[in-house]
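Asker: The structure is given below, and queries will be raised subsequently.
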Amino acid sequence: MKSNLRPVESRLSRLMFAYFFLATLSIYVVKPAKESLFMDALGKPRLPYAFLLTAILMGLAVAANSRLVQRVHRPVYVSSTLGFFILTSLIFWVLIRGPAPWPWVFLIFWSWADILLVTTITQFWIMVNDLFSPREAKRRIGFLVSGGILGGISGSLIAYFRPAGLETESLILVCPAILFVCALIVFLAWRNAPREAGEDAEGKPGRRKEEKAGLIQSFALLRDNRYMLYLSGMMVVAIIISNLVDFQFKTLGKAFFPDKNATTSFFACFNLGLLVFSYLLAAFMTTRILKNFGMRIALLIPPVFLLVGSVAVYFIPAGALLIWVIYMRGADKSLAHSLSQSVRELLYIPLPQNIKYRAKVFVDMFLNKFADGLTGLLLIAVSPFLELSPKEVSLIAIVLIIIWMALNIRVTSEYVNIVKGNLQIKWQDADRLVTEKIDVDMTKLVFDTLQSRERSSVLYAMNLFDLIKKEKMSPELKRLIAYKGNELKARSMDSLLDVEGEALLPEIDDSLEPDTMDAQVREIMSLDVYQELMKKQIEKVARGEGKEDEVARMEAAKVMGMMAPESPLIRELTKLLKDESAEVARYAAESAGRLRRREFVPLLINLLSRSATQEAAKQALVAYGDRIAGTLHDSLADPLENLATRKAIPDILARMQAQRAADMLVLELKKDDPAIEAELIDASRWMRSNSPELVFQERIVLTKVVSLIKKCYLLLLQIQELRADRKKEILVKDVENTLSRAMKHVFELLGLILPQEDVIRAYQNILAGTRKSLDYSVELLDNILRKDIRELLLPLIEDTPFEEKVRLSRKMINAAEKIDFT
Amino acid sequence: MINIQPRFKNDVVIFDIEGEIKRSDITDVTLHQLVKEQLDSGRRKILLNFDRVEFIDSFGVGEILASYISTHNLGGKLKLVRISKKLYLIFQVTMLTKVLDIFEDEEAAMKSFF
């Protein structure tokens with residue numbers, strides 16, 4: 001366990017363990033004293049009064065607590081409350097130990113003891129919320145709970161043996177002494193608590209004067225917060241079920257052990273066994289269950305146990321009933337003390353501070369009693385119709401357990417949503433942003449149009465025609481082209497079309513319907529006479545070389561793109577795709593993308609190696625669609641192919657946004673080729689973000705994830721080695737950068753098989769680097785990653801010292817090597 | 001309805017075309033046939049004047065191109081004058097401006113024959 005703790009947290013954990021141990025010790029000493037003194041003085045008939053008074057006083061205590069918790073600085077608030085109980089316990093001791101105490105003082109003492117129990121336990125968890133993040137709390141919750149259970153066992157033993165022949169009344173004195181030590185621990189723990197920059201104001205809710213607190217406000221808060229509503233519902237149902245099980249247990253206990261002393265012995269024996277079992281469960285199982293199965297499963301374990309027991313009680317003959325009821329009561333209480341308690345406390349943690357404290361006080365201190373009352377009402381309500389035998393009560397319990405399980409599932413899904421809500425996206429996906437905000441094709445076309453006006457009126461007209469066809473001639477664009485047109489007068493345009501001082505553009509805008517014009521151009525180009533006339537012209541141009549014919553070749557390349565794909569003239573495009581002029585090749589690539597003839601594909605792939613033609617070639621190849629994915633994959637997989645070409649292909653496959661293309665990317669990823677690994681991962685990530693419906697083979701992706709995590713651990717070891725050698729220290733930065741890239745790739749790959757937005761959020765919050773953001777990220781990953789990956793990845797990103805990570809590296813590398821997804 | 005009237009200036013046959021040249025209004029005698037008649041009579045310099053042409057569809061363009069090829073094949077010259085801005089743009093887009101000789105006014109076109 002030590003290996004998981006930061007030093008500061010370890011110290012804090014020990015302090016909080018001690019606090020919880022002592023608080024529960026005092027409670028378990030006072031509890032039997034309270035019951036025996038009350039029964040001795042007032043007897044069983046007065047017991048309902050005790051319940052009633054406790055409920056009323058508990059309501060008042062909730063109201064007071066709810067206000068104080070918001071207004072008073074936390075350690076002062078907790079210590080003051082403890083001070084109140086120290087003082088009042090001394091007063092009770094004085095009042096009770098007299099020769100003839102006023103009997104009703106035992107009634108008040110009963111309620112006081114109940115409030116002490118609820119208040120100290122609630123305050124302990126409030127402090128856990130204050131001092132630990134969700135992730136930290138999850139790591140040591142089992143440890144803390146075991147402190148409480150050990151305290152309970154110790155308290156019970158003290159009450160049972162009454163050392164030095166102490167009278168029951170004198171047991172009350174244990175309380176002030178222990179609570180005083182608790183108050184000291186509170187201050188120590190607070191002083192040891194780590195602080196995050198900017199957290200102070202949030203961390204001291206007592207300073208938030210504008211907050212209104214109280215029972216009504218707390219109830220309103222509960223009503224308005226869907227998560228809290230589910231959480232409260234879940235708790236109320238769980239307590240009712242627990243009470244029903246208790247009812248069955250006590251009924252059967254009394255039936256099987258009619259003698260008063262025998263009944264007491266039976267209950268005492270059961271309680272001791274229960275505490276020991278609960279302790280063992282908390283110490284050895286709670287953290288393990290939470291770590292291995294997560295919160296969702298952990299929450300379902302108690303209802304499943306009780307469902308099995310309830311069904312058994314309903315169907316099994318009377319002889320075995322006691323065994324099943326002991327099993328149920330034991331399972332219910334032990335799990336409630338350990339697992340359920342731990343998980344419930346975790347469920348509060350992601351809530352905002354202002355909601356968390358008020359709601360927690362309300363739920364813990366009022367709702368419990370409310371649920372107790374509801375159980376009583378339920379039993380009273382059904383008693384005219386049922387005998388309330390254990391079997392009949394089991395039937396009610398079965399119905400409620402099913403509701404409980406449904407609420408548990410609902411609560412855990414809401415929990416994940418809240419954790420996600422706490423993770424902020426710091427930057428948006430740049431690619432997506434560009435795609436959404438800017439039409440890249442359009443921008444390129446506008447630039448081409450403007451540029452071509454300087455070179456050739458024909459090229460200008462062709463590009464302008466493309467713009468018109470796209471029907472994207474916004475007023476801004478028209479102004480831009482008209483303005484540029486005044487600057488860069490095209491030669492023939494000037495003489496022919498601008499004679500009356502009119503720009504070409506308004507004429508086009510007013511008189512030409514893009515669809516009509518497009519149809520007309522197509523019809524003309526399909527004419528035999530046109531083909532015959534242009535044949536010689538294009539052949540002549542395509543043969544031409546050198547700078548002087550460059551514009552003509554660009555025009556020819558462009559015009560061929562407008563022809564029908566079956567036109568024999570288009571054969572000439574192959575020459576232009578090999579043109580030494582990047583501009584000509586670019587226009588030719590664009591036309592090839594429009595015509596989509598097979599013979600152009602190898603030539604387009606060749607153009608990927610030239611930076612000036614790469615983008616045009618990419619766009620052209622994308623236009624072919626996934627029918628050429630196999631051809632592209634051949635080049636991608638060929639180690640002898642030009643590296644620039646290979647690096648460009650993943651992006652093309654990604655832009656195809658087809659399942660076949662995704663399969664090709666993943667297939668290549670499997671080969672572990674470091675030369676193109678970054679491009680493959682980046683393209684896959686882009687593809688997934690734009691087409692979430694695409695499926696990436698999980699087995700291959702996970703294998704790659706494990707291999708990258710292993711690489712990260714190896715890099716950690718390398719960094720340690722380099723740091724040790726002063727001469728090589730300069731290389732550390734490079735290795736750290738490699739490590740960062742590998743980590744980024746791990747998350748990008750995880751985003752292919754998990755909800756991508758969640759993974760991005762988690763990664764970005766890790767990058768943010770604050771303790772809180774890191775903890776929330778880890779918490780989210782803990783909920784969405786599969787167990788083997790979680791165990792491998794989380795130690796790498798958790799906020800543990802570098803040395804600790806290095807220490808774990810070899811173990812993790814070995815673990816990674818053993819993972820096999822086949 | 002199309003109306004094509006030839007006139008002769010120096011050695012050049014000028015066809016003054018009026019109306020719309022489109023597939024739906026095909027007449028008994030097409031532009032191409034009229035040009036061929038002049039070619040058959042030995043004339044090799046032809047100027048098509050579109051000053052009063054309101055509309056030309058692809059059929060009309062085909063007639064122009066067929067006339068050009070026929071003239072060119074016989075070693076003659078066919079030129080165009082006063083075409084609309086729209087048609088000029090279409091000719092540019094189809095790269096026909098690279099093949100055809102197009103003029104803004106008749107005088108300039110006439111000079112270009114000599």
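Quick note on naming: the chains in the structure tokens go A, B, ... in the order shown, residues restart at 1 in each chain, and ligands are numbered from 1 in order of appearance.
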Which chain B residues have any atom within 9 Å of an atom of chain A, and for each, what is the nearest pair of atoms with distance in Å to one decimal, counting only C-alpha atoms, rows sorted by chain and number, as CSV?
Answerer:
```
residue,atom,partner,partner_atom,distance
B:Asp57,CA,A:Gln520,CA,7.0
B:Ser58,CA,A:Ile524,CA,5.3
B:Phe59,CA,A:Ile524,CA,7.9
B:Val61,CA,A:Ile524,CA,7.0
B:Gly62,CA,A:Val529,CA,6.5
B:Glu63,CA,A:Val529,CA,8.8
B:Leu65,CA,A:Val529,CA,6.2
B:Ala66,CA,A:Val529,CA,5.9
B:Tyr68,CA,A:Leu533,CA,8.8
B:Ile69,CA,A:Leu533,CA,7.1
B:Lys85,CA,A:Leu497,CA,6.6
B:Lys86,CA,A:Ile508,CA,7.5
B:Tyr88,CA,A:Leu497,CA,9.0
B:Leu89,CA,A:Ala461,CA,6.5
B:Ile90,CA,A:Val521,CA,6.6
B:Phe91,CA,A:Val521,CA,8.6
B:Gln92,CA,A:Val458,CA,5.0
B:Val93,CA,A:Met462,CA,4.7
B:Thr94,CA,A:Val559,CA,6.4
B:Met95,CA,A:Val458,CA,6.6
B:Leu96,CA,A:Met534,CA,7.9
B:Thr97,CA,A:Val458,CA,7.8
B:Lys98,CA,A:Gln537,CA,8.2
B:Val99,CA,A:Gln537,CA,7.5
B:Phe103,CA,A:Leu496,CA,8.1
B:Glu104,CA,A:Leu496,CA,6.3
```
Asker: Write the selection just made, keeping N, CA and C atoms, as a compact mmCIF listing (two decimals), in the first residue's frame?
Answerer:
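Contents of again.txt, as written:
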```
# COMPACT_ATOMS: atom_id res chain seq x y z
N ASP B 57 -26.71 28.09 -78.15
CA ASP B 57 -26.57 26.91 -77.27
C ASP B 57 -25.41 26.05 -77.78
N SER B 58 -25.24 24.87 -77.22
CA SER B 58 -24.10 24.03 -77.59
C SER B 58 -24.20 23.58 -79.06
N PHE B 59 -25.44 23.42 -79.52
CA PHE B 59 -25.61 23.08 -80.94
C PHE B 59 -25.02 24.20 -81.80
N VAL B 61 -22.72 26.33 -80.96
CA VAL B 61 -21.26 26.30 -80.84
C VAL B 61 -20.71 25.20 -81.74
N GLY B 62 -21.41 24.07 -81.80
CA GLY B 62 -21.00 22.97 -82.67
C GLY B 62 -20.97 23.42 -84.12
N GLU B 63 -21.95 24.20 -84.51
CA GLU B 63 -22.00 24.74 -85.88
C GLU B 63 -20.77 25.61 -86.14
N LEU B 65 -17.85 25.48 -84.60
CA LEU B 65 -16.64 24.66 -84.60
C LEU B 65 -16.53 23.82 -85.88
N ALA B 66 -17.68 23.28 -86.30
CA ALA B 66 -17.67 22.50 -87.54
C ALA B 66 -17.27 23.40 -88.72
N TYR B 68 -15.44 26.05 -88.56
CA TYR B 68 -14.00 26.35 -88.39
C TYR B 68 -13.16 25.21 -88.95
N ILE B 69 -13.51 23.98 -88.55
CA ILE B 69 -12.72 22.81 -89.01
C ILE B 69 -12.76 22.70 -90.53
N LYS B 85 -20.37 38.51 -73.98
CA LYS B 85 -19.42 38.25 -72.87
C LYS B 85 -19.59 36.84 -72.32
N LYS B 86 -20.82 36.43 -72.27
CA LYS B 86 -21.10 35.11 -71.72
C LYS B 86 -20.47 34.02 -72.60
N TYR B 88 -18.06 34.39 -74.63
CA TYR B 88 -16.60 34.49 -74.55
C TYR B 88 -16.09 33.74 -73.31
N LEU B 89 -16.80 33.91 -72.23
CA LEU B 89 -16.41 33.21 -71.01
C LEU B 89 -16.47 31.69 -71.21
N ILE B 90 -17.52 31.26 -71.88
CA ILE B 90 -17.64 29.81 -72.15
C ILE B 90 -16.50 29.34 -73.05
N PHE B 91 -16.17 30.15 -74.02
CA PHE B 91 -15.05 29.80 -74.90
C PHE B 91 -13.72 29.76 -74.13
N GLN B 92 -13.63 30.63 -73.17
CA GLN B 92 -12.40 30.61 -72.34
C GLN B 92 -12.34 29.36 -71.48
N VAL B 93 -13.47 29.07 -70.87
CA VAL B 93 -13.51 27.90 -69.98
C VAL B 93 -13.22 26.62 -70.77
N THR B 94 -13.70 26.57 -71.99
CA THR B 94 -13.47 25.37 -72.81
C THR B 94 -12.16 25.46 -73.60
N MET B 95 -11.44 26.51 -73.37
CA MET B 95 -10.14 26.74 -74.01
C MET B 95 -10.24 27.00 -75.52
N LEU B 96 -11.45 27.25 -75.98
CA LEU B 96 -11.62 27.50 -77.41
C LEU B 96 -11.00 28.82 -77.84
N THR B 97 -10.84 29.73 -76.90
CA THR B 97 -10.19 31.02 -77.25
C THR B 97 -8.75 30.80 -77.70
N LYS B 98 -8.22 29.61 -77.33
CA LYS B 98 -6.84 29.30 -77.74
C LYS B 98 -6.79 28.87 -79.20
N VAL B 99 -7.94 28.49 -79.75
CA VAL B 99 -7.98 27.99 -81.11
C VAL B 99 -8.65 29.00 -82.05
N PHE B 103 -12.68 38.60 -82.27
CA PHE B 103 -12.40 40.05 -82.26
C PHE B 103 -13.58 40.82 -81.70
N GLU B 104 -13.19 42.01 -81.25
CA GLU B 104 -14.21 42.84 -80.63
C GLU B 104 -14.99 43.65 -81.70
```
Asker: I'd like the interatomic distance between atom CA of Val399 of chain A and atom CA of Leu307 of chain A, to a tenth of an Å.
Answerer: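 Distance reported for this atom pair: 9.3 Å.
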Asker: Taking only C-alpha atoms into account, which of A:Ser567, A:Ser334, A:Asn292, A:Leu306 comes nearest Arg786 of chain A?
Answerer: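 Of A:Ser567, A:Ser334, A:Asn292, A:Leu306, the one nearest Arg786 of chain A, counting only C-alpha atoms, is A:Asn292.
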Asker: If we count only C-alpha atoms and set the cut-off at 7 Å, which residues sit around Arg646 of chain A, ignoring sequence neighbours fewer than 4 positions away in its own chain? Please answer as number ranges by chain.
Answerer: A: 635-636, 641-642
Asker: How far is it from atom CA of Leu781 of chain A to atom CA of Ala762 of chain A, in Å with one decimal?
Answerer: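 For atom CA of Leu781 of chain A relative to atom CA of Ala762 of chain A, the distance reads 7.0 Å.
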Asker: Select, from A:Gly155, A:Gly294, A:Pro801, A:Gly233, the residue with the minimum atom-to-atom distance to Leu367 of chain A, counting only C-alpha atoms.
Answerer: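 The shortest atom-to-atom distance to Leu367 of chain A comes from A:Gly233.
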Asker: If you count only C-alpha atoms, which residues fall within 10 Å of segment 28-35 of chain B, apart from same-chain ones fewer than 5 positions away, as a list in words?
Answerer: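 Neighbouring residues, sequence-local ones excluded: Ile2, Asn3, Ile4, Gln5, Pro6, Val13, Phe15, Ile17, Ile21, Asp40, Ser41, Arg43, Arg44, Ile46, Leu47, Leu48, Gly60, Gly62, Glu63, Ile64, Leu65, Ala66, Ser67, Tyr68, Ser70, Thr71 and Leu78 of chain B.
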Asker: Give me a file of those residues, with N, CA and C atoms, as an mmCIF file, in the first residue's frame.
Answerer:
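Writing the result to again-v9.cif gives the following:
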```cif
data_model
loop_
_atom_site.group_PDB
_atom_site.id
_atom_site.type_symbol
_atom_site.label_atom_id
_atom_site.label_comp_id
_atom_site.auth_asym_id
_atom_site.auth_seq_id
_atom_site.Cartn_x
_atom_site.Cartn_y
_atom_site.Cartn_z
ATOM 1 N N ILE B 2 -33.485 31.916 -86.534
ATOM 2 C CA ILE B 2 -32.190 32.450 -86.975
ATOM 3 C C ILE B 2 -32.291 33.001 -88.406
ATOM 4 N N ASN B 3 -31.554 34.061 -88.565
ATOM 5 C CA ASN B 3 -31.487 34.656 -89.902
ATOM 6 C C ASN B 3 -30.027 34.957 -90.218
ATOM 7 N N ILE B 4 -29.501 34.324 -91.269
ATOM 8 C CA ILE B 4 -28.076 34.496 -91.610
ATOM 9 C C ILE B 4 -27.977 35.100 -93.015
ATOM 10 N N GLN B 5 -27.337 36.240 -93.080
ATOM 11 C CA GLN B 5 -27.183 36.934 -94.373
ATOM 12 C C GLN B 5 -25.696 37.116 -94.699
ATOM 13 N N PRO B 6 -25.261 36.568 -95.854
ATOM 14 C CA PRO B 6 -23.855 36.796 -96.227
ATOM 15 C C PRO B 6 -23.683 38.158 -96.922
ATOM 16 N N VAL B 13 -15.960 36.790 -96.746
ATOM 17 C CA VAL B 13 -17.411 36.609 -96.640
ATOM 18 C C VAL B 13 -17.785 36.867 -95.178
ATOM 19 N N PHE B 15 -20.716 36.744 -92.495
ATOM 20 C CA PHE B 15 -22.071 36.266 -92.215
ATOM 21 C C PHE B 15 -22.640 37.080 -91.053
ATOM 22 N N ILE B 17 -25.277 37.319 -88.514
ATOM 23 C CA ILE B 17 -26.232 36.370 -87.930
ATOM 24 C C ILE B 17 -27.163 37.134 -86.995
ATOM 25 N N ILE B 21 -29.264 30.905 -82.034
ATOM 26 C CA ILE B 21 -28.796 29.675 -82.693
ATOM 27 C C ILE B 21 -28.943 28.549 -81.672
ATOM 28 N N ASP B 40 -17.139 25.852 -100.895
ATOM 29 C CA ASP B 40 -17.247 25.147 -102.177
ATOM 30 C C ASP B 40 -17.093 26.108 -103.361
ATOM 31 N N SER B 41 -17.538 27.352 -103.126
ATOM 32 C CA SER B 41 -17.398 28.327 -104.217
ATOM 33 C C SER B 41 -16.012 28.957 -104.242
ATOM 34 N N ARG B 43 -14.235 30.399 -101.705
ATOM 35 C CA ARG B 43 -13.875 31.438 -100.723
ATOM 36 C C ARG B 43 -13.228 30.797 -99.497
ATOM 37 N N ARG B 44 -12.176 31.498 -99.010
ATOM 38 C CA ARG B 44 -11.412 30.917 -97.906
ATOM 39 C C ARG B 44 -11.318 31.844 -96.691
ATOM 40 N N ILE B 46 -13.545 33.776 -93.996
ATOM 41 C CA ILE B 46 -14.921 33.874 -93.506
ATOM 42 C C ILE B 46 -14.947 34.546 -92.127
ATOM 43 N N LEU B 47 -15.859 35.484 -91.999
ATOM 44 C CA LEU B 47 -16.021 36.181 -90.710
ATOM 45 C C LEU B 47 -17.479 36.028 -90.248
ATOM 46 N N LEU B 48 -17.625 35.504 -89.009
ATOM 47 C CA LEU B 48 -18.971 35.336 -88.459
ATOM 48 C C LEU B 48 -19.248 36.500 -87.509
ATOM 49 N N GLY B 60 -25.313 25.447 -81.403
ATOM 50 C CA GLY B 60 -24.798 26.596 -82.137
ATOM 51 C C GLY B 60 -23.284 26.638 -82.106
ATOM 52 N N GLY B 62 -21.413 24.069 -81.800
ATOM 53 C CA GLY B 62 -20.997 22.967 -82.674
ATOM 54 C C GLY B 62 -20.973 23.418 -84.122
ATOM 55 N N GLU B 63 -21.947 24.205 -84.512
ATOM 56 C CA GLU B 63 -21.998 24.736 -85.878
ATOM 57 C C GLU B 63 -20.770 25.613 -86.143
ATOM 58 N N ILE B 64 -20.436 26.442 -85.187
ATOM 59 C CA ILE B 64 -19.262 27.327 -85.336
ATOM 60 C C ILE B 64 -17.991 26.483 -85.491
ATOM 61 N N LEU B 65 -17.853 25.477 -84.600
ATOM 62 C CA LEU B 65 -16.642 24.656 -84.603
ATOM 63 C C LEU B 65 -16.535 23.815 -85.883
ATOM 64 N N ALA B 66 -17.681 23.285 -86.305
ATOM 65 C CA ALA B 66 -17.675 22.503 -87.544
ATOM 66 C C ALA B 66 -17.273 23.395 -88.718
ATOM 67 N N SER B 67 -17.775 24.628 -88.721
ATOM 68 C CA SER B 67 -17.430 25.597 -89.779
ATOM 69 C C SER B 67 -15.939 25.904 -89.735
ATOM 70 N N TYR B 68 -15.437 26.048 -88.555
ATOM 71 C CA TYR B 68 -14.000 26.354 -88.393
ATOM 72 C C TYR B 68 -13.156 25.210 -88.949
ATOM 73 N N SER B 70 -13.959 22.847 -91.078
ATOM 74 C CA SER B 70 -14.086 22.743 -92.550
ATOM 75 C C SER B 70 -13.218 23.788 -93.245
ATOM 76 N N THR B 71 -13.281 25.015 -92.742
ATOM 77 C CA THR B 71 -12.492 26.099 -93.337
ATOM 78 C C THR B 71 -10.999 25.818 -93.180
ATOM 79 N N LEU B 78 -11.311 31.198 -90.556
ATOM 80 C CA LEU B 78 -12.636 31.584 -90.056
ATOM 81 C C LEU B 78 -12.458 32.327 -88.749
#
```
Asker: I'd like to know which of A:Ala629, A:Val393, A:Ala637, A:Leu731 is closest to Ala658 of chain A, using only C-alpha atoms.
Answerer: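 Using only C-alpha atoms, the shortest distance to Ala658 of chain A belongs to A:Ala629.
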Asker: I need the alpha helix (DSSP H) residues of chain B per DSSP on the backbone, written as a tab-separated table (two decimals) with C-alpha atoms, in the first residue's frame.
Answerer:
```
chain	number	residue	atom	x	y	z
B	31	LEU	CA	-24.64	27.96	-90.49
B	32	HIS	CA	-22.24	25.14	-91.27
B	33	GLN	CA	-23.97	24.41	-94.59
B	34	LEU	CA	-23.84	28.08	-95.55
B	35	VAL	CA	-20.13	28.23	-94.72
B	36	LYS	CA	-19.52	25.05	-96.73
B	37	GLU	CA	-21.35	26.55	-99.69
B	38	GLN	CA	-18.95	29.51	-99.61
B	39	LEU	CA	-15.97	27.17	-99.24
B	40	ASP	CA	-17.25	25.15	-102.18
B	58	SER	CA	-24.10	24.03	-77.59
B	59	PHE	CA	-25.61	23.08	-80.94
B	60	GLY	CA	-24.80	26.60	-82.14
B	61	VAL	CA	-21.26	26.30	-80.84
B	62	GLY	CA	-21.00	22.97	-82.67
B	63	GLU	CA	-22.00	24.74	-85.88
B	64	ILE	CA	-19.26	27.33	-85.34
B	65	LEU	CA	-16.64	24.66	-84.60
B	66	ALA	CA	-17.67	22.50	-87.54
B	67	SER	CA	-17.43	25.60	-89.78
B	68	TYR	CA	-14.00	26.35	-88.39
B	69	ILE	CA	-12.72	22.81	-89.01
B	70	SER	CA	-14.09	22.74	-92.55
B	71	THR	CA	-12.49	26.10	-93.34
B	72	HIS	CA	-9.22	25.19	-91.67
B	73	ASN	CA	-9.05	21.85	-93.47
B	85	LYS	CA	-19.42	38.25	-72.87
B	86	LYS	CA	-21.10	35.11	-71.72
B	87	LEU	CA	-20.10	33.17	-74.84
B	88	TYR	CA	-16.60	34.49	-74.55
B	89	LEU	CA	-16.41	33.21	-71.01
B	90	ILE	CA	-17.64	29.81	-72.15
B	91	PHE	CA	-15.05	29.80	-74.90
B	92	GLN	CA	-12.40	30.61	-72.34
B	93	VAL	CA	-13.51	27.90	-69.98
B	106	GLU	CA	-15.30	44.13	-87.45
B	107	GLU	CA	-12.53	46.49	-88.49
B	108	ALA	CA	-9.94	44.74	-86.40
B	109	ALA	CA	-11.18	41.38	-87.62
B	110	MET	CA	-10.97	42.46	-91.25
B	111	LYS	CA	-7.42	43.73	-90.76
B	112	SER	CA	-6.39	40.39	-89.32
```
